[in-house]
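Visitor: File coords_1.pdb below, PDB, C-alpha atoms, pLDDT in the B column:
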```pdb
ATOM      1  CA  GLY A 471      98.842 -18.825 -97.782  1.00 69.00           C
ATOM      2  CA  ALA A 472      97.646 -15.793 -99.778  1.00 88.00           C
ATOM      3  CA  VAL A 473      96.219 -13.783 -96.901  1.00 93.00           C
ATOM      4  CA  VAL A 474      94.988 -10.224 -97.279  1.00 96.00           C
ATOM      5  CA  SER A 475      94.143  -7.981 -94.342  1.00 97.00           C
ATOM      6  CA  GLN A 476      92.186  -4.740 -94.170  1.00 98.00           C
ATOM      7  CA  HIS A 477      92.125  -2.046 -91.566  1.00 97.00           C
ATOM      8  CA  PRO A 478      89.894  -0.862 -90.086  1.00 97.00           C
ATOM      9  CA  SER A 479      87.204  -3.539 -90.234  1.00 97.00           C
ATOM     10  CA  TRP A 480      84.560  -0.912 -89.637  1.00 97.00           C
ATOM     11  CA  VAL A 481      84.492   2.867 -89.382  1.00 97.00           C
ATOM     12  CA  ILE A 482      81.871   5.488 -88.649  1.00 97.00           C
ATOM     13  CA  CYS A 483      82.546   9.058 -89.677  1.00 96.00           C
ATOM     14  CA  LYS A 484      80.781  12.376 -90.047  1.00 97.00           C
ATOM     15  CA  SER A 485      79.739  13.738 -93.391  1.00 97.00           C
ATOM     16  CA  GLY A 486      82.486  15.800 -95.007  1.00 97.00           C
ATOM     17  CA  THR A 487      85.408  14.024 -93.381  1.00 97.00           C
ATOM     18  CA  SER A 488      87.931  11.732 -95.073  1.00 97.00           C
ATOM     19  CA  VAL A 489      88.521   8.092 -94.284  1.00 97.00           C
ATOM     20  CA  LYS A 490      91.528   5.950 -95.155  1.00 97.00           C
ATOM     21  CA  ILE A 491      91.322   2.181 -95.539  1.00 98.00           C
ATOM     22  CA  GLU A 492      94.462   0.029 -95.663  1.00 97.00           C
ATOM     23  CA  CYS A 493      94.840  -3.226 -97.546  1.00 96.00           C
ATOM     24  CA  ARG A 494      97.854  -5.449 -96.960  1.00 96.00           C
ATOM     25  CA  SER A 495      98.972  -8.708 -98.522  1.00 93.00           C
ATOM     26  CA  LEU A 496     100.550 -10.582 -95.626  1.00 93.00           C
ATOM     27  CA  ASP A 497     102.303 -13.535 -97.209  1.00 89.00           C
ATOM     28  CA  PHE A 498     102.656 -12.671-100.877  1.00 87.00           C
ATOM     29  CA  GLN A 499     103.565  -9.750-103.077  1.00 88.00           C
ATOM     30  CA  ALA A 500     100.524  -8.243-104.724  1.00 88.00           C
ATOM     31  CA  THR A 501     101.651  -6.710-107.986  1.00 87.00           C
ATOM     32  CA  THR A 502      98.054  -5.741-108.665  1.00 90.00           C
ATOM     33  CA  MET A 503      95.444  -4.713-106.144  1.00 93.00           C
ATOM     34  CA  PHE A 504      91.747  -4.173-106.721  1.00 95.00           C
ATOM     35  CA  TRP A 505      89.167  -2.191-104.799  1.00 97.00           C
ATOM     36  CA  TYR A 506      85.507  -3.148-104.753  1.00 97.00           C
ATOM     37  CA  ARG A 507      82.386  -1.914-103.066  1.00 96.00           C
ATOM     38  CA  GLN A 508      79.413  -4.046-102.226  1.00 96.00           C
ATOM     39  CA  PHE A 509      75.906  -2.917-101.343  1.00 93.00           C
ATOM     40  CA  PRO A 510      73.562  -5.134 -99.319  1.00 89.00           C
ATOM     41  CA  LYS A 511      72.481  -8.263-101.163  1.00 86.00           C
ATOM     42  CA  GLN A 512      74.403  -7.241-104.263  1.00 90.00           C
ATOM     43  CA  SER A 513      77.524  -8.572-105.876  1.00 91.00           C
ATOM     44  CA  LEU A 514      80.929  -6.937-105.906  1.00 94.00           C
ATOM     45  CA  MET A 515      81.397  -3.821-108.016  1.00 93.00           C
ATOM     46  CA  LEU A 516      84.942  -3.084-109.140  1.00 94.00           C
ATOM     47  CA  MET A 517      85.998   0.481-108.404  1.00 96.00           C
ATOM     48  CA  ALA A 518      89.619   0.561-109.494  1.00 95.00           C
ATOM     49  CA  THR A 519      92.712  -1.442-110.331  1.00 92.00           C
ATOM     50  CA  SER A 520      96.162  -0.432-109.172  1.00 91.00           C
ATOM     51  CA  ASN A 521      99.640  -1.665-109.900  1.00 87.00           C
ATOM     52  CA  GLU A 522     102.513  -1.028-107.550  1.00 83.00           C
ATOM     53  CA  GLY A 523     104.116   2.313-108.278  1.00 81.00           C
ATOM     54  CA  SER A 524     101.563   3.313-110.906  1.00 84.00           C
ATOM     55  CA  LYS A 525      98.435   5.414-110.949  1.00 87.00           C
ATOM     56  CA  ALA A 526      95.217   3.529-110.398  1.00 92.00           C
ATOM     57  CA  THR A 527      92.814   2.818-113.236  1.00 93.00           C
ATOM     58  CA  TYR A 528      89.252   3.676-112.286  1.00 95.00           C
ATOM     59  CA  GLU A 529      86.106   2.070-113.607  1.00 94.00           C
ATOM     60  CA  GLN A 530      83.595   4.163-115.450  1.00 94.00           C
ATOM     61  CA  GLY A 531      81.474   6.224-113.093  1.00 94.00           C
ATOM     62  CA  VAL A 532      83.928   6.105-110.189  1.00 96.00           C
ATOM     63  CA  GLU A 533      85.196   9.540-109.180  1.00 94.00           C
ATOM     64  CA  LYS A 534      88.963   9.355-108.926  1.00 93.00           C
ATOM     65  CA  ASP A 535      89.161  12.624-106.978  1.00 95.00           C
ATOM     66  CA  LYS A 536      86.797  11.229-104.389  1.00 96.00           C
ATOM     67  CA  PHE A 537      88.297   7.763-104.066  1.00 97.00           C
ATOM     68  CA  LEU A 538      92.054   8.180-103.862  1.00 96.00           C
ATOM     69  CA  ILE A 539      94.050   5.011-104.277  1.00 95.00           C
ATOM     70  CA  ASN A 540      97.716   4.596-103.496  1.00 91.00           C
ATOM     71  CA  HIS A 541      99.673   1.411-104.141  1.00 89.00           C
ATOM     72  CA  ALA A 542     103.020   2.368-102.657  1.00 83.00           C
ATOM     73  CA  SER A 543     104.496  -1.094-102.214  1.00 90.00           C
ATOM     74  CA  LEU A 544     103.942  -4.700-103.217  1.00 89.00           C
ATOM     75  CA  THR A 545     102.166  -5.367 -99.925  1.00 92.00           C
ATOM     76  CA  LEU A 546     100.192  -2.193 -99.238  1.00 94.00           C
ATOM     77  CA  SER A 547      97.432  -0.275-100.951  1.00 94.00           C
ATOM     78  CA  THR A 548      95.239   2.410 -99.458  1.00 96.00           C
ATOM     79  CA  LEU A 549      91.839   3.786-100.385  1.00 97.00           C
ATOM     80  CA  THR A 550      90.934   7.232 -99.112  1.00 97.00           C
ATOM     81  CA  VAL A 551      87.334   8.315 -99.332  1.00 97.00           C
ATOM     82  CA  THR A 552      87.478  12.112 -99.387  1.00 97.00           C
ATOM     83  CA  SER A 553      84.650  14.349 -98.205  1.00 96.00           C
ATOM     84  CA  ALA A 554      82.527  11.333 -97.429  1.00 97.00           C
ATOM     85  CA  HIS A 555      78.741  11.566 -97.668  1.00 96.00           C
ATOM     86  CA  PRO A 556      76.019   9.166 -96.508  1.00 96.00           C
ATOM     87  CA  GLU A 557      75.724   7.695-100.014  1.00 95.00           C
ATOM     88  CA  ASP A 558      79.338   6.525 -99.702  1.00 96.00           C
ATOM     89  CA  SER A 559      78.298   4.190 -96.897  1.00 97.00           C
ATOM     90  CA  SER A 560      79.067   0.712 -98.115  1.00 96.00           C
ATOM     91  CA  PHE A 561      81.203  -2.393 -97.672  1.00 97.00           C
ATOM     92  CA  TYR A 562      84.623  -1.845 -99.238  1.00 98.00           C
ATOM     93  CA  ILE A 563      86.713  -4.887-100.118  1.00 98.00           C
ATOM     94  CA  CYS A 564      90.213  -5.077-101.534  1.00 97.00           C
ATOM     95  CA  SER A 565      91.946  -7.944-103.270  1.00 96.00           C
ATOM     96  CA  GLY A 566      95.479  -8.692-104.313  1.00 93.00           C
ATOM     97  CA  ALA A 567      96.934 -10.728-107.130  1.00 90.00           C
ATOM     98  CA  GLY A 568     100.608 -11.503-107.426  1.00 80.00           C
ATOM     99  CA  THR A 569     103.253 -13.883-108.580  1.00 61.00           C
ATOM    100  CA  SER A 570     104.801 -14.840-105.270  1.00 48.00           C
ATOM    101  CA  GLY A 571     102.920 -17.072-102.829  1.00 42.00           C
ATOM    102  CA  GLY A 572      99.477 -16.963-104.379  1.00 43.00           C
ATOM    103  CA  ARG A 573      98.757 -17.857-107.980  1.00 52.00           C
ATOM    104  CA  GLY A 574      99.510 -14.963-110.267  1.00 63.00           C
ATOM    105  CA  ASP A 575      96.026 -14.688-111.682  1.00 77.00           C
ATOM    106  CA  THR A 576      93.947 -15.416-108.617  1.00 89.00           C
ATOM    107  CA  GLN A 577      92.578 -12.533-106.579  1.00 93.00           C
ATOM    108  CA  TYR A 578      92.678 -13.045-102.835  1.00 94.00           C
ATOM    109  CA  PHE A 579      90.275 -10.873-100.922  1.00 97.00           C
ATOM    110  CA  GLY A 580      90.523  -9.017 -97.675  1.00 97.00           C
ATOM    111  CA  PRO A 581      87.831  -9.263 -94.979  1.00 97.00           C
ATOM    112  CA  GLY A 582      86.276  -5.943 -95.973  1.00 97.00           C
ATOM    113  CA  THR A 583      85.685  -2.588 -94.288  1.00 98.00           C
ATOM    114  CA  ARG A 584      82.218  -1.407 -93.350  1.00 97.00           C
ATOM    115  CA  LEU A 585      81.983   2.376 -93.795  1.00 97.00           C
ATOM    116  CA  THR A 586      79.074   4.290 -92.309  1.00 97.00           C
ATOM    117  CA  VAL A 587      78.847   8.011 -92.966  1.00 97.00           C
ATOM    118  CA  LEU A 588      76.519   9.933 -90.696  1.00 96.00           C
TER
ATOM    119  CA  GLU B 924      78.667  -8.071-124.080  1.00 74.00           C
ATOM    120  CA  ASP B 925      80.654  -9.957-121.440  1.00 78.00           C
ATOM    121  CA  GLN B 926      78.280 -11.327-118.840  1.00 88.00           C
ATOM    122  CA  VAL B 927      78.113 -13.805-115.969  1.00 94.00           C
ATOM    123  CA  THR B 928      74.774 -15.178-114.749  1.00 96.00           C
ATOM    124  CA  GLN B 929      74.298 -17.388-111.724  1.00 97.00           C
ATOM    125  CA  SER B 930      71.289 -19.527-110.892  1.00 97.00           C
ATOM    126  CA  PRO B 931      69.401 -20.025-108.770  1.00 97.00           C
ATOM    127  CA  GLU B 932      69.517 -16.795-106.767  1.00 97.00           C
ATOM    128  CA  ALA B 933      68.752 -18.689-103.596  1.00 97.00           C
ATOM    129  CA  LEU B 934      68.768 -22.352-102.704  1.00 98.00           C
ATOM    130  CA  ARG B 935      67.526 -24.083 -99.588  1.00 98.00           C
ATOM    131  CA  LEU B 936      68.650 -27.622 -98.915  1.00 97.00           C
ATOM    132  CA  GLN B 937      68.257 -30.106 -96.144  1.00 97.00           C
ATOM    133  CA  GLU B 938      71.469 -31.372 -94.641  1.00 97.00           C
ATOM    134  CA  GLY B 939      72.712 -34.228 -96.819  1.00 97.00           C
ATOM    135  CA  GLU B 940      70.674 -33.165 -99.870  1.00 97.00           C
ATOM    136  CA  SER B 941      73.097 -32.792-102.789  1.00 98.00           C
ATOM    137  CA  SER B 942      72.595 -30.151-105.479  1.00 98.00           C
ATOM    138  CA  SER B 943      74.345 -27.980-108.053  1.00 98.00           C
ATOM    139  CA  LEU B 944      74.811 -24.264-108.601  1.00 98.00           C
ATOM    140  CA  ASN B 945      75.093 -22.909-112.130  1.00 98.00           C
ATOM    141  CA  CYS B 946      77.255 -20.155-113.596  1.00 98.00           C
ATOM    142  CA  SER B 947      76.715 -19.246-117.256  1.00 97.00           C
ATOM    143  CA  TYR B 948      79.095 -16.905-118.980  1.00 94.00           C
ATOM    144  CA  THR B 949      79.481 -15.117-122.289  1.00 90.00           C
ATOM    145  CA  VAL B 950      82.964 -13.743-122.746  1.00 82.00           C
ATOM    146  CA  SER B 951      85.275 -13.507-125.691  1.00 78.00           C
ATOM    147  CA  GLY B 952      88.216 -15.654-124.753  1.00 80.00           C
ATOM    148  CA  LEU B 953      87.925 -17.193-121.289  1.00 84.00           C
ATOM    149  CA  ARG B 954      91.067 -16.718-119.255  1.00 85.00           C
ATOM    150  CA  GLY B 955      89.866 -18.290-116.037  1.00 90.00           C
ATOM    151  CA  LEU B 956      86.665 -18.950-114.116  1.00 94.00           C
ATOM    152  CA  PHE B 957      86.785 -18.494-110.358  1.00 96.00           C
ATOM    153  CA  TRP B 958      84.532 -19.694-107.573  1.00 98.00           C
ATOM    154  CA  TYR B 959      84.424 -17.893-104.235  1.00 98.00           C
ATOM    155  CA  ARG B 960      82.478 -18.365-101.043  1.00 98.00           C
ATOM    156  CA  GLN B 961      81.300 -15.295 -99.136  1.00 97.00           C
ATOM    157  CA  ASP B 962      79.930 -15.326 -95.612  1.00 97.00           C
ATOM    158  CA  PRO B 963      77.797 -12.378 -94.406  1.00 94.00           C
ATOM    159  CA  GLY B 964      79.904  -9.341 -93.554  1.00 94.00           C
ATOM    160  CA  LYS B 965      83.131 -10.895 -94.835  1.00 96.00           C
ATOM    161  CA  GLY B 966      85.243 -10.821 -97.959  1.00 96.00           C
ATOM    162  CA  PRO B 967      85.072 -13.606-100.557  1.00 97.00           C
ATOM    163  CA  GLU B 968      87.116 -16.721 -99.864  1.00 96.00           C
ATOM    164  CA  PHE B 969      88.801 -18.358-102.840  1.00 96.00           C
ATOM    165  CA  LEU B 970      87.633 -21.867-103.696  1.00 97.00           C
ATOM    166  CA  PHE B 971      88.617 -22.879-107.242  1.00 95.00           C
ATOM    167  CA  THR B 972      90.011 -21.721-110.563  1.00 94.00           C
ATOM    168  CA  LEU B 973      89.117 -23.468-113.821  1.00 94.00           C
ATOM    169  CA  TYR B 974      90.755 -22.679-117.139  1.00 90.00           C
ATOM    170  CA  SER B 975      89.512 -25.018-119.844  1.00 90.00           C
ATOM    171  CA  ALA B 976      86.425 -27.030-120.755  1.00 93.00           C
ATOM    172  CA  GLY B 977      86.432 -30.438-119.132  1.00 96.00           C
ATOM    173  CA  GLU B 978      88.481 -29.334-116.161  1.00 96.00           C
ATOM    174  CA  GLU B 979      87.300 -30.338-112.688  1.00 97.00           C
ATOM    175  CA  LYS B 980      88.432 -29.351-109.196  1.00 97.00           C
ATOM    176  CA  GLU B 981      87.393 -30.820-105.843  1.00 97.00           C
ATOM    177  CA  LYS B 982      87.616 -29.720-102.252  1.00 94.00           C
ATOM    178  CA  GLU B 983      85.842 -31.593 -99.501  1.00 95.00           C
ATOM    179  CA  ARG B 984      82.121 -31.577-100.392  1.00 97.00           C
ATOM    180  CA  LEU B 985      82.543 -29.201-103.322  1.00 98.00           C
ATOM    181  CA  LYS B 986      83.323 -30.030-106.926  1.00 98.00           C
ATOM    182  CA  ALA B 987      83.584 -27.476-109.710  1.00 98.00           C
ATOM    183  CA  THR B 988      83.286 -28.334-113.389  1.00 98.00           C
ATOM    184  CA  LEU B 989      83.610 -26.273-116.551  1.00 96.00           C
ATOM    185  CA  THR B 990      82.179 -26.430-120.054  1.00 94.00           C
ATOM    186  CA  LYS B 991      82.516 -23.949-122.905  1.00 90.00           C
ATOM    187  CA  LYS B 992      79.484 -21.985-121.740  1.00 92.00           C
ATOM    188  CA  GLU B 993      78.982 -22.685-118.059  1.00 96.00           C
ATOM    189  CA  SER B 994      80.368 -23.958-114.809  1.00 98.00           C
ATOM    190  CA  PHE B 995      78.725 -25.997-112.098  1.00 98.00           C
ATOM    191  CA  LEU B 996      79.489 -26.105-108.420  1.00 98.00           C
ATOM    192  CA  HIS B 997      78.302 -29.436-107.110  1.00 98.00           C
ATOM    193  CA  ILE B 998      77.692 -29.755-103.389  1.00 98.00           C
ATOM    194  CA  THR B 999      77.577 -33.312-102.101  1.00 98.00           C
ATOM    195  CA  ALA B1000      75.871 -34.073 -98.790  1.00 97.00           C
ATOM    196  CA  PRO B1001      75.994 -30.467 -97.614  1.00 97.00           C
ATOM    197  CA  LYS B1002      76.218 -29.471 -93.969  1.00 97.00           C
ATOM    198  CA  PRO B1003      74.833 -26.342 -92.285  1.00 97.00           C
ATOM    199  CA  GLU B1004      78.322 -24.823 -92.281  1.00 97.00           C
ATOM    200  CA  ASP B1005      78.215 -24.818 -96.087  1.00 97.00           C
ATOM    201  CA  SER B1006      75.576 -22.087 -95.888  1.00 98.00           C
ATOM    202  CA  ALA B1007      76.968 -18.989 -97.624  1.00 98.00           C
ATOM    203  CA  THR B1008      76.778 -17.019-100.846  1.00 97.00           C
ATOM    204  CA  TYR B1009      78.738 -18.608-103.664  1.00 98.00           C
ATOM    205  CA  LEU B1010      80.140 -16.228-106.248  1.00 97.00           C
ATOM    206  CA  CYS B1011      81.307 -17.053-109.735  1.00 97.00           C
ATOM    207  CA  ALA B1012      83.677 -14.718-111.563  1.00 95.00           C
ATOM    208  CA  VAL B1013      85.262 -14.740-114.991  1.00 93.00           C
ATOM    209  CA  ARG B1014      88.560 -13.219-115.979  1.00 89.00           C
ATOM    210  CA  TYR B1015      88.205 -11.489-119.301  1.00 77.00           C
ATOM    211  CA  SER B1016      91.369  -9.540-119.729  1.00 66.00           C
ATOM    212  CA  SER B1017      94.863 -10.936-119.417  1.00 61.00           C
ATOM    213  CA  ASN B1018      96.332  -7.454-119.201  1.00 60.00           C
ATOM    214  CA  THR B1019      94.545  -6.188-116.129  1.00 71.00           C
ATOM    215  CA  GLY B1020      93.256  -9.362-114.519  1.00 80.00           C
ATOM    216  CA  LYS B1021      89.844  -7.812-113.949  1.00 87.00           C
ATOM    217  CA  LEU B1022      86.976 -10.096-113.067  1.00 90.00           C
ATOM    218  CA  ILE B1023      83.291 -10.024-113.948  1.00 91.00           C
ATOM    219  CA  PHE B1024      81.230 -11.317-111.028  1.00 94.00           C
ATOM    220  CA  GLY B1025      77.875 -13.012-111.138  1.00 95.00           C
ATOM    221  CA  GLN B1026      75.183 -11.987-108.678  1.00 95.00           C
ATOM    222  CA  GLY B1027      75.799 -15.019-106.515  1.00 96.00           C
ATOM    223  CA  THR B1028      73.756 -17.928-105.209  1.00 97.00           C
ATOM    224  CA  THR B1029      72.818 -17.817-101.544  1.00 97.00           C
ATOM    225  CA  LEU B1030      72.769 -21.321-100.143  1.00 98.00           C
ATOM    226  CA  GLN B1031      71.042 -22.232 -96.908  1.00 98.00           C
ATOM    227  CA  VAL B1032      71.486 -25.729 -95.529  1.00 98.00           C
ATOM    228  CA  LYS B1033      69.086 -26.695 -92.784  1.00 97.00           C
ATOM    229  CA  PRO B1034      69.953 -29.349 -90.216  1.00 96.00           C
TER
END
```
Render the structure in this file as structure tokens.

Guide:
Amino acid sequence: GAVVSQHPSWVICKSGTSVKIECRSLDFQATTMFWYRQFPKQSLMLMATSNEGSKATYEQGVEKDKFLINHASLTLSTLTVTSAHPEDSSFYICSGAGTSGGRGDTQYFGPGTRLTVL
Amino acid sequence: EDQVTQSPEALRLQEGESSSLNCSYTVSGLRGLFWYRQDPGKGPEFLFTLYSAGEEKEKERLKATLTKKESFLHITAPKPEDSATYLCAVRYSSNTGKLIFGQGTTLQVKP
């Protein structure tokens, strides 16, 4: 139980374009979803926290106009990287925490999305 | 300042050679310590949650323990498939559920 999927698993785009990444909780309702980015050989860096139906809360230094997060339902959150640039290339990982299926306070992670901006 | 420190950064073991990974934390009011396993190019996989000093959890060759200042992940008779990066994270806010992650310990088990 407590499975999270992400789509796509990898994406290559041109500089200046926008990319949308989907995160779905498959067998539980994720009342809270988190978005992280991870650079090579580094740990996870939290970008934002979102609750279903509410605006996301961004961590300090994360541009909310560049990284648009939507948490429209208890099983789906999306991250849109707008006007992507090469420095946005990274491994993006989402997680969900909920009260049905998984433990309420445990974050279950998706498999990640590798973004490469040319 | 809330902080999580893992040691060692990297660990090489021979198959069958038991060892321990350390996670030290300084947070005001622990609300949960989490262990995850991460394979290259994949998202973290949940292993254990510990809530109070003295608590222990076991799963196959792994055993996690918790004191007031640190947690240990003991690996007994490891196999090559145990090779991965092990991440420790601490929950420091009951309102948002945010986690502070350590830098991880990369374990390599040689046959």

Visitor: Report as an mmCIF file with C-alpha atoms, keeping the file's coordinate frame the residues that result from applying the ChimeraX specification (/B :<9) & /A to the structure here.

Guide:
```cif
data_model
loop_
_atom_site.group_PDB
_atom_site.id
_atom_site.type_symbol
_atom_site.label_atom_id
_atom_site.label_comp_id
_atom_site.auth_asym_id
_atom_site.auth_seq_id
_atom_site.Cartn_x
_atom_site.Cartn_y
_atom_site.Cartn_z
ATOM 1 C CA THR A 502 98.054 -5.741 -108.665
ATOM 2 C CA PHE A 504 91.747 -4.173 -106.721
ATOM 3 C CA LYS A 511 72.481 -8.263 -101.163
ATOM 4 C CA GLN A 512 74.403 -7.241 -104.263
ATOM 5 C CA SER A 513 77.524 -8.572 -105.876
ATOM 6 C CA LEU A 514 80.929 -6.937 -105.906
ATOM 7 C CA MET A 515 81.397 -3.821 -108.016
ATOM 8 C CA LEU A 516 84.942 -3.084 -109.140
ATOM 9 C CA THR A 519 92.712 -1.442 -110.331
ATOM 10 C CA PHE A 561 81.203 -2.393 -97.672
ATOM 11 C CA ILE A 563 86.713 -4.887 -100.118
ATOM 12 C CA CYS A 564 90.213 -5.077 -101.534
ATOM 13 C CA ALA A 567 96.934 -10.728 -107.130
ATOM 14 C CA ASP A 575 96.026 -14.688 -111.682
ATOM 15 C CA THR A 576 93.947 -15.416 -108.617
ATOM 16 C CA GLN A 577 92.578 -12.533 -106.579
ATOM 17 C CA TYR A 578 92.678 -13.045 -102.835
ATOM 18 C CA PHE A 579 90.275 -10.873 -100.922
ATOM 19 C CA GLY A 580 90.523 -9.017 -97.675
ATOM 20 C CA PRO A 581 87.831 -9.263 -94.979
ATOM 21 C CA GLY A 582 86.276 -5.943 -95.973
ATOM 22 C CA THR A 583 85.685 -2.588 -94.288
ATOM 23 C CA ARG A 584 82.218 -1.407 -93.350
#
```

Visitor: Report as number ranges by chain the residues that result from applying the PyMOL selection byres ((chain A and resi 555-560) around 6) to the structure here.

Guide: A: 485, 509, 554, 561, 585-588

Visitor: If we count only C-alpha atoms, what is near Asp925 (chain B) at a cut-off of 9 Å, once residues fewer than 4 positions away on the same chain are taken out, given as a ChimeraX atom specification?

Guide: /B:948-951,1015,1023

Visitor: Between CA of Leu934 (chain B) and CA of Arg960 (chain B), what distance in Å does the model show, to one decimal?

Guide: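 Separation between CA of Leu934 (chain B) and CA of Arg960 (chain B): 14.4 Å.
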
Visitor: Give me the residues within 10 Å of Ala526 (chain A) as a PyMOL selection string, counting all atoms listed in the file and dropping any in the same chain fewer than 2 places off.

Guide: chain A and resi 502-504+517-524+528-529+534+538-541

Visitor: For the PyMOL selection byres ((chain B and resi 940) around 9), applied here, can you spell out every residue it catches as a list in words?

Guide: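 That expression, the PyMOL selection byres ((chain B and resi 940) around 9), corresponds here to Leu936, Gln937, Glu938, Gly939, Ser941, Ser942, Ile998, Thr999, Ala1000, Pro1001, Lys1002 and Val1032 of chain B.
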
Visitor: Place all heavy atoms on region 503-510 of chain A and deliver the coordinates as a CSV table (one decimal), in the coordinates of the input.

Guide:
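Okay, this is what ended up in result-v4.csv:
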```csv
chain,number,residue,atom,x,y,z
A,503,MET,N,96.5,-4.7,-107.2
A,503,MET,CA,95.4,-4.7,-106.1
A,503,MET,C,94.2,-4.1,-106.7
A,503,MET,O,94.2,-3.2,-107.6
A,503,MET,CB,95.9,-3.9,-104.9
A,503,MET,CG,96.9,-4.7,-104.0
A,503,MET,SD,97.2,-3.9,-102.5
A,503,MET,CE,98.0,-5.3,-101.6
A,504,PHE,N,93.1,-4.6,-106.2
A,504,PHE,CA,91.7,-4.2,-106.7
A,504,PHE,C,90.9,-3.7,-105.5
A,504,PHE,O,91.0,-4.2,-104.4
A,504,PHE,CB,91.0,-5.3,-107.4
A,504,PHE,CG,91.8,-6.0,-108.5
A,504,PHE,CD1,92.7,-7.0,-108.3
A,504,PHE,CD2,91.5,-5.7,-109.8
A,504,PHE,CE1,93.5,-7.6,-109.3
A,504,PHE,CE2,92.2,-6.3,-110.9
A,504,PHE,CZ,93.2,-7.2,-110.6
A,505,TRP,N,90.1,-2.7,-105.8
A,505,TRP,CA,89.2,-2.2,-104.8
A,505,TRP,C,87.7,-2.3,-105.3
A,505,TRP,O,87.4,-2.0,-106.4
A,505,TRP,CB,89.5,-0.7,-104.5
A,505,TRP,CG,90.7,-0.6,-103.6
A,505,TRP,CD1,92.0,-0.3,-104.1
A,505,TRP,CD2,90.8,-0.7,-102.2
A,505,TRP,NE1,92.8,-0.2,-103.0
A,505,TRP,CE2,92.1,-0.5,-101.9
A,505,TRP,CE3,89.8,-0.9,-101.2
A,505,TRP,CZ2,92.6,-0.5,-100.5
A,505,TRP,CZ3,90.3,-0.9,-99.9
A,505,TRP,CH2,91.6,-0.7,-99.5
A,506,TYR,N,86.9,-2.9,-104.4
A,506,TYR,CA,85.5,-3.1,-104.8
A,506,TYR,C,84.6,-2.5,-103.7
A,506,TYR,O,85.1,-2.3,-102.6
A,506,TYR,CB,85.2,-4.6,-104.7
A,506,TYR,CG,85.9,-5.5,-105.8
A,506,TYR,CD1,87.2,-5.9,-105.6
A,506,TYR,CD2,85.3,-5.9,-106.9
A,506,TYR,CE1,87.9,-6.7,-106.5
A,506,TYR,CE2,85.9,-6.7,-107.9
A,506,TYR,CZ,87.2,-7.1,-107.6
A,506,TYR,OH,87.8,-7.9,-108.6
A,507,ARG,N,83.4,-2.3,-104.1
A,507,ARG,CA,82.4,-1.9,-103.1
A,507,ARG,C,81.2,-2.8,-103.3
A,507,ARG,O,80.9,-3.3,-104.4
A,507,ARG,CB,82.0,-0.4,-103.1
A,507,ARG,CG,81.3,0.0,-104.4
A,507,ARG,CD,81.2,1.5,-104.4
A,507,ARG,NE,80.3,2.1,-103.3
A,507,ARG,CZ,80.0,3.3,-103.2
A,507,ARG,NH1,80.5,4.3,-104.1
A,507,ARG,NH2,79.3,3.8,-102.2
A,508,GLN,N,80.5,-3.1,-102.2
A,508,GLN,CA,79.4,-4.0,-102.2
A,508,GLN,C,78.3,-3.5,-101.4
A,508,GLN,O,78.4,-3.2,-100.2
A,508,GLN,CB,79.8,-5.4,-101.7
A,508,GLN,CG,78.8,-6.5,-101.8
A,508,GLN,CD,79.3,-7.9,-101.4
A,508,GLN,OE1,80.1,-8.0,-100.4
A,508,GLN,NE2,78.9,-8.9,-102.0
A,509,PHE,N,77.1,-3.3,-102.0
A,509,PHE,CA,75.9,-2.9,-101.3
A,509,PHE,C,75.1,-4.1,-100.9
A,509,PHE,O,75.3,-5.2,-101.4
A,509,PHE,CB,75.1,-2.0,-102.3
A,509,PHE,CG,75.7,-0.7,-102.6
A,509,PHE,CD1,76.3,-0.5,-103.8
A,509,PHE,CD2,75.8,0.3,-101.6
A,509,PHE,CE1,76.9,0.7,-104.1
A,509,PHE,CE2,76.4,1.5,-101.9
A,509,PHE,CZ,76.9,1.7,-103.1
A,510,PRO,N,74.3,-4.0,-99.9
A,510,PRO,CA,73.6,-5.1,-99.3
A,510,PRO,C,72.9,-6.0,-100.4
A,510,PRO,O,72.2,-5.5,-101.3
A,510,PRO,CB,72.5,-4.5,-98.4
A,510,PRO,CG,73.2,-3.2,-98.0
A,510,PRO,CD,73.9,-2.7,-99.2
```
